[in-house]
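Engineer: Starting off with a structure, shown below.
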Amino acid sequence: VREKFAIVLNKVDLVNPKEKLLDIAEDIGMLGDSCVRYRGETLENEDDLMAANYVDGQQVKFTKEEEAILEEQYPPVFFISALQNDGIDDLLEHLYSHTTPTKEFVLPPDQKTAMSMAERVEEMIREKCYRCLHREVPHSITQVNRVLKKGRYKDGRIVLQVDQDLIVKT
């Protein structure tokens with residue numbers, strides 16, 4: 001089962017003339033095509049996309065069933081202007097349609113996460129390593145908390161002191 005996703009373009013109110021949005025939509029469509037499988041083939045580029053529609057020089061006509069399958073795989077594209085509240089309702093409707101309705105919450109209303117402070121700090125540091133190391137090493141990093149304590153500055157602001165060892169296995 002393919003991961004569901006949508007493409008959201010914000011600030012469309014800044015695009016003039018509006019006809020440019022059609023060009024943008026076409027470019028985005030080509031990106032979307034790279035996420036769609038044609039008859040079980042993964043497409044690498046635009047030439048592969050065109051070739052997938054032709055067999056022995058003849059254009060392949062998709063059956064209604066194949067068209068329906070392909071249509072399900074295309075990500076929806078939303079053109080919105082958050083500042084002007086344009087297109088937001090359609091986006092929200094799409095997001096709500098993919099939520100799981102529940103009457104019971106996993107956490108109590110006053111609790112933001114089930115993670116402890118140490119786990120949250122570890123997750124933040126892991127994410128920073130992931131970004132800084134260009135997604136290469138973090139799978140082999142072990143984190144060891146040495147110091148994790150909460151304090152206050154004289155002006156009342158809360159400070160968190162974190163000393164952590166990052167152990168990289170080679």
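Every chain in the structure tokens takes a letter, A first, then B, and so on in the order presented; its residues are numbered from 1, and the ligands are numbered from 1 following the presented order.
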Quick one: residues within 8 Å of Lys150 (chain A), only C-alpha atoms counted, chain neighbours fewer than 3 positions away excluded, as a list in words?
Structural biologist: Ile158, Val159, Leu160 and Gln161 of chain A
Engineer: With region 11-18 of chain A as the partner and 7 Å as the cut-off, tabulate the residues of region 65-168 of chain A that qualify, each row holding the nearest pair of atoms and their distance in Å to one decimal, using only C-alpha atoms, sorted by chain and rising number, as CSV.
Structural biologist:
```
residue,atom,partner,partner_atom,distance
A:Phe79,CA,A:Val12,CA,6.3
A:Ile80,CA,A:Val12,CA,5.9
A:Ser81,CA,A:Lys11,CA,4.8
A:Ala82,CA,A:Lys11,CA,6.9
```
Engineer: Restricting it to all heavy atoms, dump the selection as a short mmCIF file (atom, residue, chain, number, x, y, z; two decimals), in the first residue's frame.
Structural biologist:
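As written to disk, result08.cif reads:
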```
data_model
loop_
_atom_site.label_atom_id
_atom_site.label_comp_id
_atom_site.auth_asym_id
_atom_site.auth_seq_id
_atom_site.Cartn_x
_atom_site.Cartn_y
_atom_site.Cartn_z
N PHE A 79 -4.10 24.42 -4.06
CA PHE A 79 -3.57 25.76 -4.22
C PHE A 79 -4.27 26.62 -3.17
O PHE A 79 -5.48 26.80 -3.23
CB PHE A 79 -3.88 26.31 -5.62
CG PHE A 79 -3.20 25.53 -6.71
CD1 PHE A 79 -3.85 24.49 -7.35
CD2 PHE A 79 -1.91 25.85 -7.08
CE1 PHE A 79 -3.23 23.78 -8.36
CE2 PHE A 79 -1.29 25.14 -8.09
CZ PHE A 79 -1.94 24.11 -8.73
N ILE A 80 -3.49 27.12 -2.21
CA ILE A 80 -4.11 27.86 -1.12
C ILE A 80 -3.44 29.21 -0.91
O ILE A 80 -2.30 29.43 -1.32
CB ILE A 80 -4.09 27.06 0.20
CG1 ILE A 80 -2.66 26.92 0.72
CG2 ILE A 80 -4.75 25.71 0.04
CD1 ILE A 80 -2.57 26.41 2.15
N SER A 81 -4.17 30.08 -0.27
CA SER A 81 -3.62 31.32 0.28
C SER A 81 -4.06 31.34 1.73
O SER A 81 -5.21 31.68 2.03
CB SER A 81 -4.15 32.54 -0.47
OG SER A 81 -3.77 33.72 0.22
N ALA A 82 -3.16 30.96 2.62
CA ALA A 82 -3.51 30.89 4.03
C ALA A 82 -3.86 32.28 4.56
O ALA A 82 -4.78 32.43 5.37
CB ALA A 82 -2.36 30.30 4.83
#
```
Engineer: What does the structure give for the distance between CA of Leu92 (chain A) and CA of Pro75 (chain A), in Å to one decimal?
Structural biologist: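 Taking CA of Leu92 (chain A) and CA of Pro75 (chain A), their separation equals 15.2 Å.
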Engineer: Could you give me, as number ranges by chain, the residues within 9 Å of region 6-8 of chain A, counting only C-alpha atoms and dropping anything in the same chain fewer than 3 positions from it?
Structural biologist: A: 28, 32, 74-80, 91, 94
Engineer: Taking the DSSP assignment computed from this structure's backbone, write out as a PyMOL selection string all residues of region 123-165 of chain A that belong to strand (DSSP E or B).
Structural biologist: chain A and resi 141-152+158-165
Engineer: So which residues touch region 164-167 of chain A within 9 Å, counting only C-alpha atoms, skipping near sequence neighbours fewer than 6 positions away, as a compact mmCIF listing (two decimals) with all heavy atoms, in the first residue's frame?
Structural biologist:
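So the final result, stored in out.txt, reads:
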```
# COMPACT_ATOMS: atom_id res chain seq x y z
N GLU A 122 16.17 13.70 23.82
CA GLU A 122 16.88 12.76 22.95
C GLU A 122 16.35 12.83 21.53
O GLU A 122 17.12 12.82 20.56
CB GLU A 122 16.77 11.33 23.48
CG GLU A 122 17.62 11.06 24.69
CD GLU A 122 17.42 9.66 25.24
OE1 GLU A 122 16.76 8.83 24.58
OE2 GLU A 122 17.94 9.39 26.33
N SER A 140 23.28 4.84 13.38
CA SER A 140 24.31 4.19 14.17
C SER A 140 24.77 5.05 15.34
O SER A 140 25.84 4.84 15.87
CB SER A 140 25.50 3.81 13.28
OG SER A 140 26.09 4.97 12.73
N ILE A 141 23.97 6.02 15.74
CA ILE A 141 24.32 6.87 16.87
C ILE A 141 23.57 6.40 18.11
O ILE A 141 22.37 6.18 18.07
CB ILE A 141 23.96 8.35 16.61
CG1 ILE A 141 24.90 8.94 15.56
CG2 ILE A 141 24.04 9.17 17.89
CD1 ILE A 141 24.62 10.40 15.24
N THR A 142 24.32 6.24 19.20
CA THR A 142 23.71 5.93 20.49
C THR A 142 23.85 7.19 21.35
O THR A 142 24.90 7.81 21.39
CB THR A 142 24.44 4.76 21.17
OG1 THR A 142 24.39 3.63 20.31
CG2 THR A 142 23.79 4.41 22.50
N GLN A 143 22.76 7.55 22.01
CA GLN A 143 22.76 8.74 22.86
C GLN A 143 22.78 8.32 24.33
O GLN A 143 22.03 7.45 24.73
CB GLN A 143 21.51 9.57 22.58
CG GLN A 143 21.45 10.10 21.16
CD GLN A 143 20.08 10.64 20.82
OE1 GLN A 143 19.29 9.93 20.24
NE2 GLN A 143 19.79 11.87 21.21
N VAL A 144 23.66 8.97 25.09
CA VAL A 144 23.75 8.70 26.53
C VAL A 144 23.61 10.05 27.25
O VAL A 144 24.45 10.93 27.08
CB VAL A 144 25.08 8.03 26.90
CG1 VAL A 144 25.16 7.80 28.40
CG2 VAL A 144 25.27 6.73 26.14
N ASN A 145 22.56 10.18 28.03
CA ASN A 145 22.36 11.41 28.81
C ASN A 145 23.29 11.40 30.01
O ASN A 145 23.30 10.45 30.79
CB ASN A 145 20.92 11.53 29.29
CG ASN A 145 19.97 11.85 28.16
OD1 ASN A 145 20.32 12.55 27.22
ND2 ASN A 145 18.76 11.32 28.23
N ARG A 146 24.07 12.47 30.15
CA ARG A 146 24.95 12.62 31.31
C ARG A 146 24.29 13.55 32.34
O ARG A 146 24.28 13.25 33.52
CB ARG A 146 26.30 13.20 30.90
CG ARG A 146 27.08 12.32 29.96
CD ARG A 146 27.59 11.11 30.70
NE ARG A 146 28.33 10.26 29.77
CZ ARG A 146 28.62 9.02 30.00
NH1 ARG A 146 28.25 8.46 31.12
NH2 ARG A 146 29.27 8.31 29.13
N VAL A 147 23.80 14.68 31.85
CA VAL A 147 23.14 15.65 32.73
C VAL A 147 21.87 16.10 32.03
O VAL A 147 21.87 16.41 30.85
CB VAL A 147 24.04 16.88 33.01
CG1 VAL A 147 23.30 17.92 33.82
CG2 VAL A 147 25.32 16.46 33.71
N LEU A 148 20.79 16.12 32.78
CA LEU A 148 19.52 16.65 32.28
C LEU A 148 18.84 17.29 33.48
O LEU A 148 18.22 16.61 34.29
CB LEU A 148 18.68 15.53 31.69
CG LEU A 148 17.35 15.93 31.06
CD1 LEU A 148 17.57 16.85 29.87
CD2 LEU A 148 16.56 14.72 30.63
```
